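Okay, coords36.cif is below, mmCIF, C-alpha atoms, pLDDT in the B column; chains and numbers go by the auth columns:
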```
data_start
#
loop_
_atom_site.group_PDB
_atom_site.id
_atom_site.type_symbol
_atom_site.label_atom_id
_atom_site.label_comp_id
_atom_site.label_asym_id
_atom_site.label_seq_id
_atom_site.Cartn_x
_atom_site.Cartn_y
_atom_site.Cartn_z
_atom_site.B_iso_or_equiv
_atom_site.auth_seq_id
_atom_site.auth_asym_id
ATOM 1 C CA MET A 1 51.649 6.548 -35.572 82.00 1092 A
ATOM 2 C CA ALA A 2 50.617 9.645 -37.506 86.00 1093 A
ATOM 3 C CA VAL A 3 50.617 13.111 -35.934 93.00 1094 A
ATOM 4 C CA ILE A 4 48.605 16.193 -36.888 93.00 1095 A
ATOM 5 C CA GLU A 5 49.118 19.523 -35.138 97.00 1096 A
ATOM 6 C CA ARG A 6 47.124 22.705 -35.569 96.00 1097 A
ATOM 7 C CA THR A 7 47.178 26.058 -33.772 97.00 1098 A
ATOM 8 C CA PHE A 8 44.458 28.640 -34.404 96.00 1099 A
ATOM 9 C CA THR A 9 42.392 31.296 -32.657 97.00 1100 A
ATOM 10 C CA VAL A 10 38.678 31.758 -32.116 97.00 1101 A
ATOM 11 C CA ALA A 11 36.643 34.734 -30.891 97.00 1102 A
ATOM 12 C CA ALA A 12 35.337 33.194 -27.663 97.00 1103 A
ATOM 13 C CA PRO A 13 36.792 32.983 -24.152 98.00 1104 A
ATOM 14 C CA PRO A 14 38.668 29.816 -23.097 98.00 1105 A
ATOM 15 C CA GLU A 15 35.898 28.821 -20.656 98.00 1106 A
ATOM 16 C CA LYS A 16 33.280 28.733 -23.421 97.00 1107 A
ATOM 17 C CA VAL A 17 35.549 26.907 -25.890 98.00 1108 A
ATOM 18 C CA PHE A 18 36.651 24.393 -23.246 98.00 1109 A
ATOM 19 C CA ALA A 19 33.051 23.627 -22.237 97.00 1110 A
ATOM 20 C CA PHE A 20 32.156 23.006 -25.894 98.00 1111 A
ATOM 21 C CA LEU A 21 35.168 20.758 -26.601 97.00 1112 A
ATOM 22 C CA ALA A 22 34.799 18.822 -23.332 97.00 1113 A
ATOM 23 C CA ASP A 23 31.166 17.955 -24.138 97.00 1114 A
ATOM 24 C CA HIS A 24 31.670 15.248 -26.732 97.00 1115 A
ATOM 25 C CA ALA A 25 28.011 15.338 -27.751 97.00 1116 A
ATOM 26 C CA ASN A 26 29.198 18.407 -29.723 97.00 1117 A
ATOM 27 C CA ASP A 27 31.870 16.542 -31.691 97.00 1118 A
ATOM 28 C CA PRO A 28 29.720 15.720 -34.760 97.00 1119 A
ATOM 29 C CA GLN A 29 29.107 19.482 -35.198 96.00 1120 A
ATOM 30 C CA TRP A 30 32.744 20.165 -36.026 96.00 1121 A
ATOM 31 C CA LEU A 31 34.608 16.882 -36.666 94.00 1122 A
ATOM 32 C CA PRO A 32 34.403 15.726 -40.303 93.00 1123 A
ATOM 33 C CA GLY A 33 33.759 11.989 -40.544 91.00 1124 A
ATOM 34 C CA LEU A 34 32.254 11.601 -37.081 94.00 1125 A
ATOM 35 C CA THR A 35 28.756 10.365 -37.792 95.00 1126 A
ATOM 36 C CA ASP A 36 27.606 9.569 -34.245 96.00 1127 A
ATOM 37 C CA SER A 37 28.590 10.252 -30.651 97.00 1128 A
ATOM 38 C CA ARG A 38 26.467 8.572 -27.954 98.00 1129 A
ATOM 39 C CA ASN A 39 26.085 6.875 -24.541 98.00 1130 A
ATOM 40 C CA PHE A 40 27.855 9.545 -22.462 98.00 1131 A
ATOM 41 C CA THR A 41 28.663 8.674 -18.867 97.00 1132 A
ATOM 42 C CA GLY A 42 30.789 10.079 -16.064 96.00 1133 A
ATOM 43 C CA GLU A 43 32.553 13.424 -15.799 94.00 1134 A
ATOM 44 C CA GLY A 44 36.088 14.796 -15.657 94.00 1135 A
ATOM 45 C CA THR A 45 38.605 11.999 -16.222 95.00 1136 A
ATOM 46 C CA ASN A 46 35.832 9.429 -15.832 93.00 1137 A
ATOM 47 C CA TYR A 47 33.861 10.778 -18.834 97.00 1138 A
ATOM 48 C CA HIS A 48 33.465 8.246 -21.631 96.00 1139 A
ATOM 49 C CA TRP A 49 31.263 7.629 -24.634 98.00 1140 A
ATOM 50 C CA GLU A 50 30.875 5.638 -27.840 97.00 1141 A
ATOM 51 C CA TRP A 51 31.334 6.955 -31.370 96.00 1142 A
ATOM 52 C CA THR A 52 31.089 6.024 -35.047 95.00 1143 A
ATOM 53 C CA PHE A 53 33.598 7.482 -37.494 89.00 1144 A
ATOM 54 C CA ARG A 54 33.573 7.124 -41.269 86.00 1145 A
ATOM 55 C CA MET A 55 36.952 7.187 -43.008 77.00 1146 A
ATOM 56 C CA ALA A 56 37.683 6.274 -46.624 71.00 1147 A
ATOM 57 C CA GLY A 57 34.166 4.874 -46.996 79.00 1148 A
ATOM 58 C CA ILE A 58 34.484 2.528 -43.986 79.00 1149 A
ATOM 59 C CA SER A 59 32.691 3.024 -40.655 86.00 1150 A
ATOM 60 C CA PHE A 60 34.579 2.400 -37.424 85.00 1151 A
ATOM 61 C CA ASP A 61 33.010 2.140 -33.981 93.00 1152 A
ATOM 62 C CA GLY A 62 34.886 2.852 -30.808 94.00 1153 A
ATOM 63 C CA THR A 63 34.979 4.456 -27.401 97.00 1154 A
ATOM 64 C CA GLY A 64 36.406 7.699 -26.070 97.00 1155 A
ATOM 65 C CA LEU A 65 37.787 8.375 -22.587 98.00 1156 A
ATOM 66 C CA VAL A 66 38.951 11.660 -21.082 98.00 1157 A
ATOM 67 C CA VAL A 67 42.420 11.097 -19.594 98.00 1158 A
ATOM 68 C CA GLU A 68 43.238 14.700 -18.634 98.00 1159 A
ATOM 69 C CA HIS A 69 40.750 17.420 -17.727 97.00 1160 A
ATOM 70 C CA ASP A 70 42.065 20.790 -16.504 98.00 1161 A
ATOM 71 C CA PRO A 71 39.411 23.468 -17.235 98.00 1162 A
ATOM 72 C CA PRO A 72 39.739 25.787 -19.056 98.00 1163 A
ATOM 73 C CA ARG A 73 43.310 24.982 -20.102 98.00 1164 A
ATOM 74 C CA ARG A 74 43.798 21.367 -21.178 98.00 1165 A
ATOM 75 C CA HIS A 75 41.609 18.450 -22.290 98.00 1166 A
ATOM 76 C CA VAL A 76 43.044 15.125 -23.466 98.00 1167 A
ATOM 77 C CA VAL A 77 41.041 12.247 -24.903 98.00 1168 A
ATOM 78 C CA GLU A 78 42.021 8.731 -25.931 98.00 1169 A
ATOM 79 C CA THR A 79 39.939 6.718 -28.374 95.00 1170 A
ATOM 80 C CA ARG A 80 39.921 2.984 -28.894 94.00 1171 A
ATOM 81 C CA GLY A 81 38.246 0.767 -31.455 86.00 1172 A
ATOM 82 C CA GLY A 82 38.716 0.885 -35.214 75.00 1173 A
ATOM 83 C CA VAL A 83 40.842 4.021 -34.791 78.00 1174 A
ATOM 84 C CA VAL A 84 43.252 4.454 -31.871 88.00 1175 A
ATOM 85 C CA SER A 85 44.041 8.103 -31.150 92.00 1176 A
ATOM 86 C CA THR A 86 44.986 10.727 -28.588 97.00 1177 A
ATOM 87 C CA TRP A 87 43.544 14.240 -28.910 97.00 1178 A
ATOM 88 C CA ALA A 88 45.394 16.782 -26.747 98.00 1179 A
ATOM 89 C CA TRP A 89 43.762 20.237 -26.638 98.00 1180 A
ATOM 90 C CA THR A 90 45.562 23.185 -25.038 98.00 1181 A
ATOM 91 C CA LEU A 91 43.713 26.511 -24.713 98.00 1182 A
ATOM 92 C CA GLU A 92 45.199 29.900 -23.842 98.00 1183 A
ATOM 93 C CA PRO A 93 43.577 33.330 -23.630 98.00 1184 A
ATOM 94 C CA GLU A 94 44.486 35.568 -26.556 97.00 1185 A
ATOM 95 C CA GLY A 95 43.027 39.057 -26.439 95.00 1186 A
ATOM 96 C CA SER A 96 39.272 38.635 -26.196 94.00 1187 A
ATOM 97 C CA GLY A 97 39.461 35.121 -27.643 97.00 1188 A
ATOM 98 C CA THR A 98 41.255 31.809 -27.320 98.00 1189 A
ATOM 99 C CA ARG A 99 44.365 30.336 -28.903 98.00 1190 A
ATOM 100 C CA ILE A 100 43.763 26.612 -29.449 98.00 1191 A
ATOM 101 C CA HIS A 101 46.501 24.052 -30.007 98.00 1192 A
ATOM 102 C CA LEU A 102 45.543 20.516 -31.018 97.00 1193 A
ATOM 103 C CA ARG A 103 47.975 17.620 -31.157 97.00 1194 A
ATOM 104 C CA LEU A 104 46.341 14.527 -32.615 95.00 1195 A
ATOM 105 C CA GLU A 105 48.225 11.229 -32.634 94.00 1196 A
ATOM 106 C CA TYR A 106 46.519 8.310 -34.321 88.00 1197 A
ATOM 107 C CA THR A 107 47.161 4.880 -35.745 84.00 1198 A
ATOM 108 C CA VAL A 108 46.044 4.291 -39.299 68.00 1199 A
ATOM 109 C CA PRO A 109 44.065 1.042 -39.525 63.00 1200 A
ATOM 110 C CA VAL A 110 46.315 -0.275 -42.314 60.00 1201 A
ATOM 111 C CA ALA A 111 45.227 -3.869 -41.827 62.00 1202 A
ATOM 112 C CA VAL A 112 41.684 -2.844 -42.707 56.00 1203 A
ATOM 113 C CA LEU A 113 42.441 -0.421 -45.526 58.00 1204 A
ATOM 114 C CA GLY A 114 45.580 -1.870 -47.093 62.00 1205 A
ATOM 115 C CA LYS A 115 49.047 -0.376 -47.343 58.00 1206 A
ATOM 116 C CA LEU A 116 48.358 1.359 -50.683 53.00 1207 A
ATOM 117 C CA ALA A 117 45.577 3.435 -49.155 63.00 1208 A
ATOM 118 C CA GLU A 118 47.709 4.613 -46.215 66.00 1209 A
ATOM 119 C CA LYS A 119 49.234 7.688 -47.913 67.00 1210 A
ATOM 120 C CA LEU A 120 45.891 8.779 -49.327 68.00 1211 A
ATOM 121 C CA LEU A 121 44.306 8.344 -45.913 69.00 1212 A
ATOM 122 C CA LEU A 122 46.999 10.428 -44.224 73.00 1213 A
ATOM 123 C CA ALA A 123 46.400 13.256 -46.712 75.00 1214 A
ATOM 124 C CA GLN A 124 42.629 12.965 -46.212 77.00 1215 A
ATOM 125 C CA ASN A 125 43.063 13.224 -42.443 80.00 1216 A
ATOM 126 C CA GLU A 126 45.210 16.360 -42.807 85.00 1217 A
ATOM 127 C CA LYS A 127 42.397 17.900 -44.865 87.00 1218 A
ATOM 128 C CA ALA A 128 39.823 16.811 -42.271 88.00 1219 A
ATOM 129 C CA ALA A 129 41.902 18.497 -39.539 90.00 1220 A
ATOM 130 C CA ASP A 130 41.813 21.750 -41.523 91.00 1221 A
ATOM 131 C CA GLU A 131 38.044 21.383 -41.995 93.00 1222 A
ATOM 132 C CA GLY A 132 37.555 20.709 -38.277 92.00 1223 A
ATOM 133 C CA MET A 133 39.586 23.816 -37.407 90.00 1224 A
ATOM 134 C CA ALA A 134 37.514 25.872 -39.856 94.00 1225 A
ATOM 135 C CA ASN A 135 34.301 24.457 -38.356 95.00 1226 A
ATOM 136 C CA LEU A 136 35.350 25.511 -34.847 96.00 1227 A
ATOM 137 C CA GLN A 137 36.209 28.972 -36.162 95.00 1228 A
ATOM 138 C CA ARG A 138 32.767 29.119 -37.792 94.00 1229 A
ATOM 139 C CA ILE A 139 31.089 28.093 -34.518 96.00 1230 A
ATOM 140 C CA PHE A 140 33.027 30.560 -32.333 96.00 1231 A
ATOM 141 C CA GLY A 141 34.063 33.205 -34.881 93.00 1232 A
ATOM 142 C CA THR A 142 37.591 34.402 -35.632 86.00 1233 A
ATOM 143 C CA LEU A 143 39.659 37.194 -34.179 75.00 1234 A
#
```
Can the structure in the file be given as C-alpha cells, please?
Amino acid sequence: MAVIERTFTVAAPPEKVFAFLADHANDPQWLPGLTDSRNFTGEGTNYHWEWTFRMAGISFDGTGLVVEHDPPRRHVVETRGGVVSTWAWTLEPEGSGTRIHLRLEYTVPVAVLGKLAEKLLLAQNEKAADEGMANLQRIFGTL
C-alpha cells in the first residue's frame, strides 16, 4: 500500500473547507484525474457515491463511502473499485484560515498496469497530490 501525506493551509475557516471537502460533488474541481463523481446518497457516515478516475491513461470506476464524519475537524473516506484507498482529512483552525492534513493510503492496481509501471505511477500520484493541494489553495486562497 502506498501512502501520501500533505499538510498545507488555506485562507478559509474550517467550517467552509470541511463543507466543501465533505460534498464529494466538488471532488472533480480539485482532484486531478477524477473525471466524474455521481449518484450521491445518504449523509454523514452513510454518504456514498460513484466515481470515475483516470490514471496512466486507464479509467477506473468505483464507489466512495464516508467512514468518519466529525465536522469541522475530521472526514475519512474509503474508495473501492479499480483503486482501493482511504482519504483521511484533518482540519484545524490556523489564524483566520485552516491547516489541512491529508493522509492518503491506496493500493496501486499493479495487476492492471504491470509491475514496470508501478514506480512511474507512484511518482505520478505524488505529483497529483501536489496539484490537488494547489487546487484547494486556489479555491480557498492561501494565508
Test item: the PyMOL selection byres ((chain A and resi 1134) around 10) resolved as a compact mmCIF listing (two decimals) with C-alpha atoms, keeping the file's coordinate frame:
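Result file out17.txt:
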```txt
# COMPACT_ATOMS: atom_id res chain seq x y z
CA ALA A 1113 34.80 18.82 -23.33
CA ASP A 1114 31.17 17.95 -24.14
CA PHE A 1131 27.86 9.54 -22.46
CA THR A 1132 28.66 8.67 -18.87
CA GLY A 1133 30.79 10.08 -16.06
CA GLY A 1135 36.09 14.80 -15.66
CA THR A 1136 38.60 12.00 -16.22
CA ASN A 1137 35.83 9.43 -15.83
CA TYR A 1138 33.86 10.78 -18.83
CA HIS A 1139 33.47 8.25 -21.63
CA LEU A 1156 37.79 8.38 -22.59
CA VAL A 1157 38.95 11.66 -21.08
CA HIS A 1160 40.75 17.42 -17.73
```
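Comparing A:Lys1218, A:His1115, A:Arg1165, A:Arg1171 by their smallest distance to Leu1193 (chain A), the closest is A:Arg1165 (using all atoms listed in the file).
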Discussion item. Once the PyMOL selection byres ((chain A and resi 1234) around 7) is applied to the coordinates I shared, what remains selected? I want it as a count of residues only.
Written reply: 6
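Coordinates place CA of Pro1105 (chain A) at a distance of 20.8 Å from CA of Thr1177 (chain A).
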The PyMOL selection byres ((chain A and resi 1194-1196) around 7) resolved against shown file, as a VMD selection string = chain A and resid 1092 to 1097 1176 to 1180 1192 to 1193 1197
Computed gap from CA of Glu1159 (chain A) to CA of Phe1099 (chain A) is 21.1 Å
In Å and to one decimal, CA of Val1174 (chain A) is distant from CA of Ala1116 (chain A) by 18.5 Å
Around all the atoms of region 1108-1111 of chain A listed in the file, draw an axis-aligned box and extend it by 8 Å on each of the six sides; I want its centre and edge lengths in Å to one decimal, as lines of an AutoDock Vina configuration file.
```
center_x = 34.4
center_y = 25.0
center_z = -24.1
size_x = 20.5
size_y = 19.9
size_z = 19.7
```
Non-local contacts of Ile1230 (chain A) (12 Å; all atoms listed in the file; under 2 positions in same chain excluded) as an MDAnalysis selection string: chainID A and resid 1100:1103 1107:1108 1111:1112 1117:1118 1120:1122 1223:1228 1232:1233
Which residues are near Gly1172 (chain A)? Cut-off 8 Å, all atoms listed in the file, ignore same chain within fewer than 6 positions. Put them as a compact mmCIF listing (two decimals) with C-alpha atoms, in the coordinates of the input.
```
# COMPACT_ATOMS: atom_id res chain seq x y z
CA PHE A 1151 34.58 2.40 -37.42
CA ASP A 1152 33.01 2.14 -33.98
CA GLY A 1153 34.89 2.85 -30.81
CA THR A 1154 34.98 4.46 -27.40
```
One residue among A:Glu1169, A:Pro1104, A:Met1146, A:Phe1109 is nearest to Ala1219 (chain A) when using only C-alpha atoms, and that residue is A:Met1146
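Each of A:Val1158, A:Ala1110, A:Val1168, A:Ala1220 was checked against Thr1098 (chain A) using only C-alpha atoms; the smallest atom-to-atom distance is that of A:Ala1220.
With all atoms listed in the file as the atoms that count, the residue of A:Ala1147, A:Glu1106, A:Arg1164, A:Glu1185 with the shortest distance to Gln1215 (chain A) is A:Ala1147.
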Practice prompt. Excluding Asp1127 (chain A) and residues on its chain fewer than 2 positions from it, collect all residues at most 9 Å away from it, counting all atoms listed in the file, and give them as a PyMOL selection string.
Written response: chain A and resi 1116+1118-1119+1125+1129+1141-1144
Filtering to C-alpha atoms, could you give me those residues as a short mmCIF file (atom, residue, chain, number, x, y, z; two decimals), keeping the file's coordinate frame?
```cif
data_model
loop_
_atom_site.label_atom_id
_atom_site.label_comp_id
_atom_site.auth_asym_id
_atom_site.auth_seq_id
_atom_site.Cartn_x
_atom_site.Cartn_y
_atom_site.Cartn_z
CA ALA A 1116 28.01 15.34 -27.75
CA ASP A 1118 31.87 16.54 -31.69
CA PRO A 1119 29.72 15.72 -34.76
CA LEU A 1125 32.25 11.60 -37.08
CA ARG A 1129 26.47 8.57 -27.95
CA GLU A 1141 30.88 5.64 -27.84
CA TRP A 1142 31.33 6.96 -31.37
CA THR A 1143 31.09 6.02 -35.05
CA PHE A 1144 33.60 7.48 -37.49
#
```
